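entry.cif, holding mmCIF, C-alpha atoms (C1' of nucleotides):
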data_coords
loop_
_atom_site.label_atom_id
_atom_site.label_comp_id
_atom_site.auth_asym_id
_atom_site.auth_seq_id
_atom_site.Cartn_x
_atom_site.Cartn_y
_atom_site.Cartn_z
CA MET A 1 76.71 20.28 0.15
CA ASN A 2 80.07 19.95 1.89
CA ALA A 3 81.68 17.26 -0.23
CA SER A 4 84.56 16.74 2.18
CA ALA A 5 82.64 16.39 5.45
CA ILE A 6 84.70 14.79 8.18
CA GLU A 7 81.84 13.58 10.31
CA PRO A 8 78.63 11.64 9.75
CA GLY A 9 75.58 13.88 9.56
CA THR A 10 71.80 13.65 9.53
CA HIS A 11 71.68 12.78 5.85
CA TYR A 12 74.16 9.99 6.37
CA GLU A 13 71.92 8.53 9.08
CA ALA A 14 68.94 8.60 6.71
CA LEU A 15 70.95 6.85 4.02
CA LEU A 16 72.03 4.10 6.39
CA GLN A 17 68.49 3.65 7.64
CA LEU A 18 67.26 3.37 4.07
CA LEU A 19 69.70 0.54 3.43
CA ARG A 20 68.80 -1.14 6.73
CA THR A 21 65.07 -0.97 6.05
CA SER A 22 65.53 -2.26 2.54
CA GLU A 23 67.61 -5.16 3.79
CA SER A 24 64.97 -6.08 6.34
CA ILE A 25 62.34 -6.07 3.60
CA TRP A 26 64.53 -8.24 1.43
CA ASN A 27 65.19 -10.70 4.25
CA ALA A 28 61.50 -10.90 5.12
CA SER A 29 60.72 -11.51 1.46
CA ARG A 30 63.16 -14.42 1.44
CA VAL A 31 61.19 -16.06 4.23
CA PHE A 32 57.93 -15.13 2.55
CA PHE A 33 58.76 -16.62 -0.86
CA ASP A 34 60.34 -19.66 0.73
CA GLN A 35 56.77 -20.79 1.40
CA TRP A 36 56.65 -21.64 -2.30
CA ASN A 37 60.31 -22.62 -2.59
CA LEU A 38 61.10 -19.44 -4.48
CA SER A 39 63.86 -16.92 -3.99
CA PRO A 40 62.95 -13.21 -4.28
CA SER A 41 64.99 -13.04 -7.50
CA GLN A 42 63.17 -16.01 -8.96
CA PHE A 43 59.83 -14.44 -8.10
CA ASN A 44 60.89 -11.18 -9.73
CA ILE A 45 61.63 -12.97 -12.97
CA LEU A 46 58.31 -14.81 -12.97
CA ASN A 47 56.53 -11.56 -12.12
CA VAL A 48 58.11 -9.71 -15.04
CA LEU A 49 57.32 -12.58 -17.41
CA ARG A 50 53.62 -12.22 -16.57
CA ASP A 51 53.64 -9.01 -18.61
CA HIS A 52 55.02 -10.85 -21.67
CA PRO A 53 52.58 -13.56 -22.73
CA ASP A 54 54.51 -14.06 -25.99
CA GLY A 55 57.81 -14.27 -24.19
CA THR A 56 60.78 -11.96 -23.92
CA THR A 57 64.52 -12.28 -24.39
CA GLN A 58 67.07 -12.82 -21.66
CA ILE A 59 68.78 -9.52 -22.43
CA GLU A 60 65.44 -7.76 -22.00
CA LEU A 61 64.98 -9.48 -18.64
CA SER A 62 68.46 -8.42 -17.60
CA ARG A 63 67.63 -4.80 -18.44
CA THR A 64 64.30 -4.81 -16.62
CA LEU A 65 65.73 -6.41 -13.49
CA ILE A 66 69.04 -4.55 -13.71
CA MET A 67 71.27 -7.59 -13.60
CA HIS A 68 74.05 -8.85 -15.85
CA ARG A 69 73.00 -11.07 -18.75
CA SER A 70 75.31 -13.83 -17.56
CA ASN A 71 73.31 -13.95 -14.35
CA VAL A 72 70.06 -14.35 -16.26
CA THR A 73 71.47 -17.47 -17.91
CA GLY A 74 71.77 -19.25 -14.55
CA MET A 75 68.49 -17.98 -13.18
CA ILE A 76 66.60 -19.19 -16.26
CA ASP A 77 68.52 -22.50 -16.16
CA ARG A 78 67.23 -23.20 -12.65
CA LEU A 79 63.68 -22.01 -13.36
CA GLU A 80 63.66 -24.15 -16.50
CA GLN A 81 64.74 -27.23 -14.54
CA ARG A 82 61.81 -26.61 -12.20
CA ARG A 83 59.52 -26.35 -15.24
CA LEU A 84 58.46 -22.80 -14.35
CA VAL A 85 59.75 -21.21 -17.54
CA ALA A 86 60.56 -22.49 -21.02
CA ARG A 87 63.05 -21.37 -23.66
CA ARG A 88 61.11 -21.07 -26.91
CA ASP A 89 62.70 -20.39 -30.28
CA ASN A 90 62.66 -16.81 -31.45
CA PRO A 91 61.91 -16.70 -35.18
CA ASP A 92 62.89 -13.03 -35.36
CA ASP A 93 66.38 -13.54 -33.93
CA ARG A 94 68.12 -16.89 -33.89
CA ARG A 95 70.60 -15.70 -31.27
CA ALA A 96 67.86 -15.17 -28.69
CA TYR A 97 65.14 -17.17 -26.97
CA ARG A 98 61.60 -16.26 -26.10
CA ILE A 99 61.33 -16.97 -22.37
CA VAL A 100 57.76 -17.83 -21.39
CA LEU A 101 55.95 -18.91 -18.23
CA THR A 102 54.68 -22.48 -18.07
CA LYS A 103 51.20 -23.47 -16.91
CA ASP A 104 52.73 -24.53 -13.60
CA ALA A 105 54.17 -21.05 -13.14
CA HIS A 106 50.80 -19.41 -13.80
CA LYS A 107 49.19 -21.67 -11.24
CA LEU A 108 51.94 -20.87 -8.75
CA LEU A 109 51.60 -17.11 -9.30
CA ASP A 110 47.84 -17.25 -8.84
CA GLU A 111 48.63 -18.51 -5.37
CA VAL A 112 51.52 -16.19 -4.56
CA LEU A 113 50.36 -12.84 -5.94
CA PRO A 114 47.38 -12.15 -3.64
CA ALA A 115 49.51 -12.95 -0.60
CA TYR A 116 52.26 -10.79 -2.05
CA TYR A 117 50.13 -7.68 -2.52
CA GLY A 118 48.53 -8.32 0.84
CA ALA A 119 51.93 -8.49 2.49
CA ALA A 120 52.88 -5.07 1.15
CA GLU A 121 49.73 -3.58 2.63
CA ALA A 122 50.31 -5.37 5.94
CA VAL A 123 53.77 -3.91 6.28
CA PHE A 124 52.34 -0.42 5.82
CA ALA A 125 49.53 -0.88 8.33
CA GLY A 126 48.91 2.52 9.89
CA PHE A 127 50.20 4.43 6.88
CA SER A 128 47.74 6.53 4.93
CA ARG A 129 47.82 6.38 1.15
CA LYS A 130 48.84 10.02 1.14
CA ARG A 131 51.77 9.28 3.40
CA SER A 132 53.03 6.40 1.30
CA ARG A 133 52.64 8.47 -1.87
CA GLU A 134 54.76 11.19 -0.28
CA LEU A 135 57.31 8.59 0.73
CA THR A 136 57.46 7.32 -2.82
CA ASP A 137 58.14 10.82 -4.12
CA GLU A 138 60.84 11.30 -1.52
CA LEU A 139 62.52 8.05 -2.52
CA VAL A 140 62.38 8.94 -6.20
CA ALA A 141 64.10 12.24 -5.39
CA ILE A 142 66.84 10.39 -3.52
CA GLU A 143 67.27 7.97 -6.40
CA ARG A 144 67.78 10.95 -8.68
CA GLY A 145 70.31 12.34 -6.21
CA VAL A 146 72.18 9.05 -6.27
CA ALA A 147 72.19 8.99 -10.07
CA GLY A 148 73.53 12.54 -10.12
CA PHE A 149 76.26 11.67 -7.66
CA ALA A 150 77.16 8.50 -9.55
CA GLU A 151 77.89 10.58 -12.63
CA THR A 152 80.59 12.47 -10.75
CA LEU A 153 82.36 9.17 -10.03
CA PRO A 154 85.20 7.81 -12.19
CA ARG A 155 83.86 4.88 -14.10
CA MET B 1 44.83 -4.13 6.33
CA ASN B 2 43.39 -6.28 3.57
CA ALA B 3 45.66 -9.31 3.77
CA SER B 4 44.28 -10.86 0.60
CA ALA B 5 44.40 -7.92 -1.77
CA ILE B 6 44.14 -8.95 -5.39
CA GLU B 7 45.72 -5.87 -6.90
CA PRO B 8 48.81 -3.80 -6.27
CA GLY B 9 48.11 -0.65 -4.28
CA THR B 10 49.78 2.59 -3.21
CA HIS B 11 51.66 0.92 -0.37
CA TYR B 12 52.99 -1.71 -2.74
CA GLU B 13 54.33 1.02 -5.01
CA ALA B 14 56.13 2.63 -2.08
CA LEU B 15 57.67 -0.68 -1.09
CA LEU B 16 58.96 -1.31 -4.60
CA GLN B 17 60.37 2.19 -4.83
CA LEU B 18 62.13 1.69 -1.52
CA LEU B 19 63.84 -1.41 -2.86
CA ARG B 20 64.68 0.33 -6.13
CA THR B 21 66.20 3.34 -4.39
CA SER B 22 68.16 1.15 -2.04
CA GLU B 23 69.54 -0.87 -4.92
CA SER B 24 70.61 2.26 -6.75
CA ILE B 25 72.43 3.42 -3.61
CA TRP B 26 74.12 0.05 -3.27
CA ASN B 27 75.19 0.04 -6.92
CA ALA B 28 76.55 3.57 -6.68
CA SER B 29 78.44 2.57 -3.56
CA ARG B 30 80.04 -0.31 -5.46
CA VAL B 31 81.43 2.16 -8.00
CA PHE B 32 82.40 4.54 -5.22
CA PHE B 33 84.36 2.02 -3.13
CA ASP B 34 85.92 0.54 -6.24
CA GLN B 35 88.12 3.64 -6.27
CA TRP B 36 89.99 1.99 -3.40
CA ASN B 37 89.51 -1.57 -4.61
CA LEU B 38 86.98 -2.24 -1.87
CA SER B 39 83.53 -3.82 -2.04
CA PRO B 40 80.75 -2.21 0.04
CA SER B 41 80.75 -5.29 2.29
CA GLN B 42 84.48 -5.06 2.83
CA PHE B 43 84.17 -1.40 3.71
CA ASN B 44 81.39 -2.17 6.17
CA ILE B 45 83.61 -4.62 8.00
CA LEU B 46 86.51 -2.17 8.18
CA ASN B 47 84.13 0.55 9.32
CA VAL B 48 82.76 -1.58 12.14
CA LEU B 49 86.25 -2.58 13.23
CA ARG B 50 87.15 1.08 13.72
CA ASP B 51 84.94 1.02 16.80
CA HIS B 52 86.89 -1.90 18.28
CA PRO B 53 90.52 -0.90 18.75
CA ASP B 54 91.17 -4.04 20.80
CA GLY B 55 89.53 -6.25 18.19
CA THR B 56 86.28 -8.16 18.08
CA THR B 57 85.27 -11.72 17.28
CA GLN B 58 83.95 -12.94 13.96
CA ILE B 59 80.63 -13.95 15.51
CA GLU B 60 80.24 -10.42 16.85
CA LEU B 61 80.93 -9.04 13.38
CA SER B 62 78.34 -11.39 11.91
CA ARG B 63 75.76 -10.11 14.39
CA THR B 64 76.53 -6.45 13.78
CA LEU B 65 76.45 -6.80 10.00
CA ILE B 66 73.61 -9.33 10.02
CA MET B 67 75.36 -12.01 8.02
CA HIS B 68 76.06 -15.69 8.60
CA ARG B 69 79.26 -16.51 10.48
CA SER B 70 80.45 -18.69 7.60
CA ASN B 71 80.38 -15.62 5.39
CA VAL B 72 82.53 -13.68 7.82
CA THR B 73 85.20 -16.38 7.52
CA GLY B 74 85.62 -15.70 3.80
CA MET B 75 85.39 -11.93 4.11
CA ILE B 76 88.09 -11.88 6.78
CA ASP B 77 90.21 -14.33 4.75
CA ARG B 78 90.28 -11.93 1.82
CA LEU B 79 90.84 -8.82 3.95
CA GLU B 80 93.66 -10.64 5.76
CA GLN B 81 95.32 -11.55 2.48
CA ARG B 82 95.24 -7.87 1.56
CA ARG B 83 96.81 -7.05 4.96
CA LEU B 84 93.86 -4.85 5.97
CA VAL B 85 92.90 -6.92 9.03
CA ALA B 86 94.73 -9.38 11.26
CA ARG B 87 93.56 -12.38 13.29
CA ARG B 88 95.02 -11.96 16.77
CA ASP B 89 94.79 -14.57 19.50
CA ASN B 90 92.01 -14.14 22.02
CA PRO B 91 93.28 -15.00 25.49
CA ASP B 92 89.74 -15.02 26.89
CA ASP B 93 88.41 -17.61 24.44
CA ARG B 94 90.71 -19.92 22.53
CA ARG B 95 87.96 -20.75 20.00
CA ALA B 96 87.79 -17.14 18.80
CA TYR B 97 90.09 -14.53 17.28
CA ARG B 98 90.39 -10.84 17.94
CA ILE B 99 90.00 -9.24 14.50
CA VAL B 100 91.85 -5.93 14.32
CA LEU B 101 92.56 -3.30 11.67
CA THR B 102 96.12 -3.02 10.41
CA LYS B 103 98.00 0.25 9.99
CA ASP B 104 97.35 0.01 6.26
CA ALA B 105 93.62 -0.17 6.89
CA HIS B 106 93.70 2.90 9.12
CA LYS B 107 95.54 4.80 6.43
CA LEU B 108 93.03 3.64 3.84
CA LEU B 109 90.06 4.63 5.98
CA ASP B 110 91.51 8.09 6.60
CA GLU B 111 91.29 8.52 2.87
CA VAL B 112 87.89 6.92 2.31
CA LEU B 113 85.82 8.20 5.23
CA PRO B 114 85.71 11.93 4.40
CA ALA B 115 84.69 11.12 0.83
CA TYR B 116 82.15 8.67 2.20
CA TYR B 117 80.40 11.11 4.51
CA GLY B 118 80.60 13.75 1.82
CA ALA B 119 78.94 11.43 -0.67
CA ALA B 120 75.99 10.90 1.66
CA GLU B 121 75.48 14.64 1.92
CA ALA B 122 75.85 15.07 -1.85
CA VAL B 123 73.11 12.55 -2.51
CA PHE B 124 70.75 14.47 -0.25
CA ALA B 125 71.52 17.84 -1.77
CA GLY B 126 68.34 19.90 -1.49
CA PHE B 127 67.07 18.00 1.53
CA SER B 128 66.77 19.84 4.81
CA ARG B 129 67.97 18.14 7.97
CA LYS B 130 64.40 18.15 9.20
CA ARG B 131 63.24 16.36 6.09
CA SER B 132 65.88 13.66 6.32
CA ARG B 133 65.15 13.18 10.02
CA GLU B 134 61.49 12.69 9.17
CA LEU B 135 62.45 10.25 6.46
CA THR B 136 64.57 8.30 8.93
CA ASP B 137 61.61 8.05 11.32
CA GLU B 138 59.37 6.90 8.49
CA LEU B 139 61.84 4.21 7.50
CA VAL B 140 62.20 3.01 11.06
CA ALA B 141 58.42 2.67 11.26
CA ILE B 142 58.41 0.60 8.08
CA GLU B 143 61.20 -1.58 9.42
CA ARG B 144 59.05 -2.25 12.47
CA GLY B 145 56.12 -3.07 10.20
CA VAL B 146 58.28 -5.54 8.33
CA ALA B 147 59.42 -7.16 11.56
CA GLY B 148 55.82 -7.45 12.70
CA PHE B 149 54.78 -9.01 9.43
CA ALA B 150 57.75 -11.40 9.47
CA GLU B 151 56.54 -12.79 12.76
CA THR B 152 53.28 -13.87 11.15
CA LEU B 153 55.27 -15.95 8.63
CA PRO B 154 55.97 -19.67 9.10
CA ARG B 155 59.63 -19.80 10.09
"C1'" DT C 1 84.83 -33.59 38.86
"C1'" DT C 2 82.42 -35.52 34.76
"C1'" DC C 3 78.73 -35.24 31.50
"C1'" DT C 4 76.03 -32.50 28.38
"C1'" DT C 5 74.85 -28.51 25.77
"C1'" DT C 6 76.14 -24.38 23.52
"C1'" DT C 7 79.17 -21.55 20.99
"C1'" DT C 8 83.00 -20.34 17.58
"C1'" DG C 9 85.13 -20.83 13.38
"C1'" DT C 10 85.86 -23.67 9.20
"C1'" DT C 11 84.39 -26.40 5.41
"C1'" DG C 12 81.52 -27.96 1.47
"C1'" DA C 13 77.47 -27.44 -1.36
"C1'" DC C 14 74.70 -24.30 -3.40
"C1'" DA C 15 72.30 -19.70 -5.02
"C1'" DC C 16 72.97 -15.26 -6.82
"C1'" DA C 17 75.71 -11.38 -8.47
"C1'" DT C 18 79.62 -9.21 -11.33
"C1'" DA C 19 83.08 -8.97 -15.28
"C1'" DG C 20 85.52 -10.57 -19.35
"C1'" DA C 21 86.15 -13.61 -23.30
"C1'" DC C 22 83.98 -16.19 -26.84
"C1'" DA C 23 80.96 -18.03 -30.94
"C1'" DA C 24 76.93 -17.29 -33.43
"C1'" DT C 25 74.03 -14.09 -35.35
"C1'" DC C 26 72.21 -9.66 -36.65
"C1'" DG C 27 72.35 -5.22 -39.04
"C1'" DA C 28 74.24 -1.63 -41.47
"C1'" DC C 29 77.24 -0.11 -44.95
"C1'" DT C 30 79.84 -0.39 -49.13
"C1'" DA D 1 76.90 -9.86 -52.30
"C1'" DG D 2 80.54 -9.33 -48.70
"C1'" DT D 3 82.47 -7.03 -44.62
"C1'" DC D 4 82.54 -5.19 -40.12
"C1'" DG D 5 80.84 -3.61 -35.68
"C1'" DA D 6 77.22 -4.56 -32.28
"C1'" DT D 7 74.32 -7.79 -29.87
"C1'" DT D 8 72.81 -12.32 -27.57
"C1'" DG D 9 73.65 -16.02 -24.74
"C1'" DT D 10 77.14 -18.97 -22.54
"C1'" DC D 11 81.32 -19.99 -20.04
"C1'" DT D 12 84.89 -19.24 -16.55
"C1'" DA D 13 86.65 -16.89 -12.58
"C1'" DT D 14 85.60 -14.57 -8.55
"C1'" DG D 15 82.97 -12.28 -4.63
"C1'" DT D 16 79.14 -12.42 -1.54
"C1'" DG D 17 75.43 -14.68 0.67
"C1'" DT D 18 72.83 -18.96 2.77
"C1'" DC D 19 72.68 -23.48 5.32
"C1'" DA D 20 74.24 -27.91 7.40
"C1'" DA D 21 77.82 -30.61 9.40
"C1'" DC D 22 82.02 -30.80 11.96
"C1'" DA D 23 85.96 -30.21 15.68
"C1'" DA D 24 87.55 -27.61 19.42
"C1'" DA D 25 86.60 -25.07 23.24
"C1'" DA D 26 83.59 -22.97 26.68
"C1'" DA D 27 79.83 -23.03 29.87
"C1'" DG D 28 76.47 -25.17 32.61
"C1'" DA D 29 74.48 -29.19 35.27
"C1'" DA D 30 75.01 -33.29 37.86
#
Before we go any further, please render this structure as structure tokens.
Amino acid sequence: MNASAIEPGTHYEALLQLLRTSESIWNASRVFFDQWNLSPSQFNILNVLRDHPDGTTQIELSRTLIMHRSNVTGMIDRLEQRRLVARRDNPDDRRAYRIVLTKDAHKLLDEVLPAYYGAAEAVFAGFSRKRSRELTDELVAIERGVAGFAETLPR
Amino acid sequence: MNASAIEPGTHYEALLQLLRTSESIWNASRVFFDQWNLSPSQFNILNVLRDHPDGTTQIELSRTLIMHRSNVTGMIDRLEQRRLVARRDNPDDRRAYRIVLTKDAHKLLDEVLPAYYGAAEAVFAGFSRKRSRELTDELVAIERGVAGFAETLPR
DNA sequence: TTCTTTTTGTTGACACATAGACAATCGACT
DNA sequence: AGTCGATTGTCTATGTGTCAACAAAAAGAA
């Protein structure tokens, strides 16, 4: 409420802890995906592509994963070199590609995904479903708070 | 529990939402700190240095901020160029520096910090202190779960 | 003391992220 | 049809992160 607070408060602590926890998840996921020589970002791309059997454009990927389109170029370059994705022609739009998973990628994901879902459950050992649903709601509310605050910022 | 789950579950949803929320906070903070031409990482370094009036070493900074020491080199290089930190000699250890804030940095932080704490409270508008304390505890528990899981991973 | 191991900071190579400028293409409008 | 603004992907520059290899210095062992 007090937009010119001079000292850190309880909410500030919660915010910091949220960032800390998220970073620890991200770091653990780096080690986890390294088992298959993947980065978390690479996995995210492959995971999104699973939902698009006919392929999707790079700009669409950039929107889904909230990253700049110039970043997608490099990510797809590296995944293409590893033969995990392919750039197919897009008959509807000659500016864009249709990015698709290769057979190798499907085989890789069949291996990774069960371990991936299992890992999420392992991390939450001792949490009831109810509790993690409540947590999700809480986090969504915070995300809305952040979005609201961001609008007050000079862009 | 079930370490070989085949499908995403409630816990998985919560984990994803945690990462999403954290990313939205980080992105908002980029816009926020941009008002003073700072990156979130640069601010974090300055903020840590406030607690060390006599300076601290780069390796100590890397441990506090959980980043590689080679990254600290570049961060301090850029902050030094902007005259926000200085590398002072360390009489106790001629390998290391004592990194200290400059007067300019103190002046900058006097401007940033109130807005910073205020922003945290603004994001949590509508949250009681009790609720954000509970959230903090929840997040700490998850962080422990992550650490536990990470230990089961091949390093 | 001397020998060995560890630690500190830098460097180079790379991955991942942004922003801005650019060419090719698309789409809408006249 | 032709024109003009928006979109798509790439390129360059830069910041932030990792890791491995290196020199200098410190710390420990003999």
Using 10 Å as the limit and counting only C-alpha atoms (C1' of nucleotides), can you tabulate each residue of region 80-131 of chain B that touches region 6-27 of chain C, with its shortest atom-to-atom distance in Å and the two atoms involved, as a Markdown table?
| residue | atom | partner | partner_atom | distance |
| --- | --- | --- | --- | --- |
| B:Asp93 | CA | C:DT8 | C1' | 9.2 |
| B:Arg94 | CA | C:DT8 | C1' | 9.2 |
| B:Arg95 | CA | C:DT8 | C1' | 5.5 |
| B:Ala96 | CA | C:DT8 | C1' | 5.9 |
| B:Tyr97 | CA | C:DG9 | C1' | 8.9 |
Kindly export the residues of the current selection with C-alpha atoms, as a compact mmCIF listing (two decimals), keeping the file's coordinate frame.
# COMPACT_ATOMS: atom_id res chain seq x y z
CA ASP B 93 88.41 -17.61 24.44
CA ARG B 94 90.71 -19.92 22.53
CA ARG B 95 87.96 -20.75 20.00
CA ALA B 96 87.79 -17.14 18.80
CA TYR B 97 90.09 -14.53 17.28
Å distance separating CA of Val85 (chain B) from CA of Ser22 (chain A), one decimal place: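 Between CA of Val85 (chain B) and CA of Ser22 (chain A) the gap is 28.5 Å.
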Least-squares fit on all C-alpha atoms, paired in order: put chain B onto chain A and return it as a compact mmCIF listing (two decimals) with C-alpha atoms, keeping the file's coordinate frame.
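Contents of superposed.txt, freshly written:
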# COMPACT_ATOMS: atom_id res chain seq x y z
CA MET B 1 76.79 20.33 0.00
CA ASN B 2 80.04 19.90 1.90
CA ALA B 3 81.74 17.24 -0.20
CA SER B 4 84.55 16.73 2.29
CA ALA B 5 82.63 16.37 5.52
CA ILE B 6 84.68 14.83 8.28
CA GLU B 7 81.81 13.59 10.40
CA PRO B 8 78.61 11.67 9.82
CA GLY B 9 75.56 13.90 9.62
CA THR B 10 71.76 13.70 9.56
CA HIS B 11 71.67 12.83 5.87
CA TYR B 12 74.14 10.02 6.43
CA GLU B 13 71.89 8.58 9.12
CA ALA B 14 68.93 8.64 6.75
CA LEU B 15 70.93 6.88 4.06
CA LEU B 16 72.00 4.13 6.45
CA GLN B 17 68.46 3.67 7.69
CA LEU B 18 67.25 3.40 4.12
CA LEU B 19 69.68 0.57 3.48
CA ARG B 20 68.78 -1.10 6.77
CA THR B 21 65.06 -0.95 6.08
CA SER B 22 65.53 -2.22 2.57
CA GLU B 23 67.59 -5.14 3.81
CA SER B 24 64.97 -6.05 6.37
CA ILE B 25 62.33 -6.04 3.62
CA TRP B 26 64.52 -8.22 1.43
CA ASN B 27 65.18 -10.68 4.26
CA ALA B 28 61.49 -10.88 5.12
CA SER B 29 60.72 -11.48 1.46
CA ARG B 30 63.17 -14.39 1.43
CA VAL B 31 61.21 -16.05 4.24
CA PHE B 32 57.94 -15.14 2.55
CA PHE B 33 58.77 -16.61 -0.87
CA ASP B 34 60.36 -19.64 0.74
CA GLN B 35 56.81 -20.80 1.41
CA TRP B 36 56.69 -21.65 -2.30
CA ASN B 37 60.34 -22.62 -2.60
CA LEU B 38 61.11 -19.44 -4.49
CA SER B 39 63.89 -16.89 -3.99
CA PRO B 40 62.96 -13.19 -4.30
CA SER B 41 65.00 -13.02 -7.52
CA GLN B 42 63.19 -15.99 -8.98
CA PHE B 43 59.85 -14.44 -8.12
CA ASN B 44 60.89 -11.18 -9.75
CA ILE B 45 61.64 -12.96 -12.99
CA LEU B 46 58.32 -14.81 -12.98
CA ASN B 47 56.53 -11.57 -12.13
CA VAL B 48 58.11 -9.73 -15.04
CA LEU B 49 57.31 -12.57 -17.42
CA ARG B 50 53.62 -12.24 -16.58
CA ASP B 51 53.64 -9.04 -18.61
CA HIS B 52 55.00 -10.85 -21.67
CA PRO B 53 52.58 -13.58 -22.72
CA ASP B 54 54.47 -14.07 -25.98
CA GLY B 55 57.80 -14.28 -24.18
CA THR B 56 60.77 -11.97 -23.93
CA THR B 57 64.50 -12.31 -24.42
CA GLN B 58 67.05 -12.85 -21.69
CA ILE B 59 68.77 -9.56 -22.47
CA GLU B 60 65.45 -7.77 -22.04
CA LEU B 61 64.98 -9.48 -18.68
CA SER B 62 68.47 -8.42 -17.63
CA ARG B 63 67.64 -4.81 -18.48
CA THR B 64 64.32 -4.82 -16.66
CA LEU B 65 65.75 -6.42 -13.53
CA ILE B 66 69.06 -4.56 -13.77
CA MET B 67 71.31 -7.60 -13.67
CA HIS B 68 74.08 -8.89 -15.91
CA ARG B 69 73.01 -11.10 -18.80
CA SER B 70 75.28 -13.89 -17.58
CA ASN B 71 73.27 -13.99 -14.38
CA VAL B 72 70.03 -14.36 -16.29
CA THR B 73 71.44 -17.50 -17.94
CA GLY B 74 71.76 -19.25 -14.58
CA MET B 75 68.47 -17.97 -13.21
CA ILE B 76 66.60 -19.20 -16.28
CA ASP B 77 68.50 -22.52 -16.17
CA ARG B 78 67.23 -23.20 -12.67
CA LEU B 79 63.67 -22.02 -13.37
CA GLU B 80 63.64 -24.18 -16.51
CA GLN B 81 64.74 -27.23 -14.55
CA ARG B 82 61.82 -26.63 -12.21
CA ARG B 83 59.51 -26.37 -15.25
CA LEU B 84 58.44 -22.82 -14.34
CA VAL B 85 59.73 -21.22 -17.56
CA ALA B 86 60.52 -22.50 -21.04
CA ARG B 87 63.01 -21.38 -23.69
CA ARG B 88 61.07 -21.10 -26.94
CA ASP B 89 62.64 -20.41 -30.31
CA ASN B 90 62.62 -16.82 -31.48
CA PRO B 91 61.87 -16.70 -35.20
CA ASP B 92 62.86 -13.02 -35.38
CA ASP B 93 66.35 -13.54 -33.96
CA ARG B 94 68.03 -16.92 -33.95
CA ARG B 95 70.56 -15.78 -31.31
CA ALA B 96 67.82 -15.23 -28.73
CA TYR B 97 65.08 -17.22 -27.00
CA ARG B 98 61.55 -16.29 -26.12
CA ILE B 99 61.30 -16.98 -22.38
CA VAL B 100 57.74 -17.85 -21.39
CA LEU B 101 55.94 -18.92 -18.22
CA THR B 102 54.67 -22.48 -18.06
CA LYS B 103 51.20 -23.48 -16.89
CA ASP B 104 52.75 -24.53 -13.59
CA ALA B 105 54.17 -21.06 -13.11
CA HIS B 106 50.81 -19.43 -13.78
CA LYS B 107 49.22 -21.68 -11.21
CA LEU B 108 51.96 -20.86 -8.73
CA LEU B 109 51.63 -17.13 -9.29
CA ASP B 110 47.86 -17.27 -8.81
CA GLU B 111 48.65 -18.53 -5.35
CA VAL B 112 51.54 -16.19 -4.54
CA LEU B 113 50.38 -12.85 -5.92
CA PRO B 114 47.40 -12.16 -3.62
CA ALA B 115 49.54 -12.97 -0.58
CA TYR B 116 52.27 -10.79 -2.04
CA TYR B 117 50.15 -7.68 -2.50
CA GLY B 118 48.55 -8.32 0.86
CA ALA B 119 51.94 -8.49 2.52
CA ALA B 120 52.88 -5.08 1.16
CA GLU B 121 49.73 -3.59 2.64
CA ALA B 122 50.31 -5.38 5.95
CA VAL B 123 53.77 -3.89 6.28
CA PHE B 124 52.35 -0.41 5.82
CA ALA B 125 49.55 -0.87 8.31
CA GLY B 126 48.91 2.54 9.85
CA PHE B 127 50.18 4.44 6.83
CA SER B 128 47.74 6.53 4.86
CA ARG B 129 47.84 6.38 1.09
CA LYS B 130 48.87 10.01 1.08
CA ARG B 131 51.79 9.28 3.35
CA SER B 132 53.05 6.39 1.25
CA ARG B 133 52.68 8.45 -1.92
CA GLU B 134 54.78 11.17 -0.32
CA LEU B 135 57.33 8.59 0.72
CA THR B 136 57.49 7.29 -2.84
CA ASP B 137 58.17 10.81 -4.14
CA GLU B 138 60.86 11.29 -1.52
CA LEU B 139 62.54 8.05 -2.51
CA VAL B 140 62.42 8.92 -6.18
CA ALA B 141 64.13 12.22 -5.39
CA ILE B 142 66.86 10.38 -3.51
CA GLU B 143 67.29 7.96 -6.39
CA ARG B 144 67.83 10.95 -8.67
CA GLY B 145 70.35 12.35 -6.20
CA VAL B 146 72.21 9.07 -6.25
CA ALA B 147 72.24 9.01 -10.03
CA GLY B 148 73.57 12.56 -10.08
CA PHE B 149 76.29 11.71 -7.61
CA ALA B 150 77.21 8.54 -9.51
CA GLU B 151 77.94 10.62 -12.57
CA THR B 152 80.62 12.53 -10.68
CA LEU B 153 82.39 9.22 -9.96
CA PRO B 154 85.24 7.87 -12.12
CA ARG B 155 83.64 5.05 -14.09
Nearest candidate to chain B (options D:DA6, D:DA1, D:DA29, D:DA24; using all atoms listed in the file):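 Checking each candidate against chain B, we get D:DA24 as the closest.
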Explicit residues for the PyMOL selection byres ((chain B and resi 48-58) around 7) (as a list in words):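 Applying the PyMOL selection byres ((chain B and resi 48-58) around 7) to the structure shown produces Asn44, Ile45, Leu46, Asn47, Ile59, Glu60, Leu61, Ser62, Arg69, Val72, Ala96, Tyr97, Arg98, Ile99, Val100 and Leu101 of chain B.
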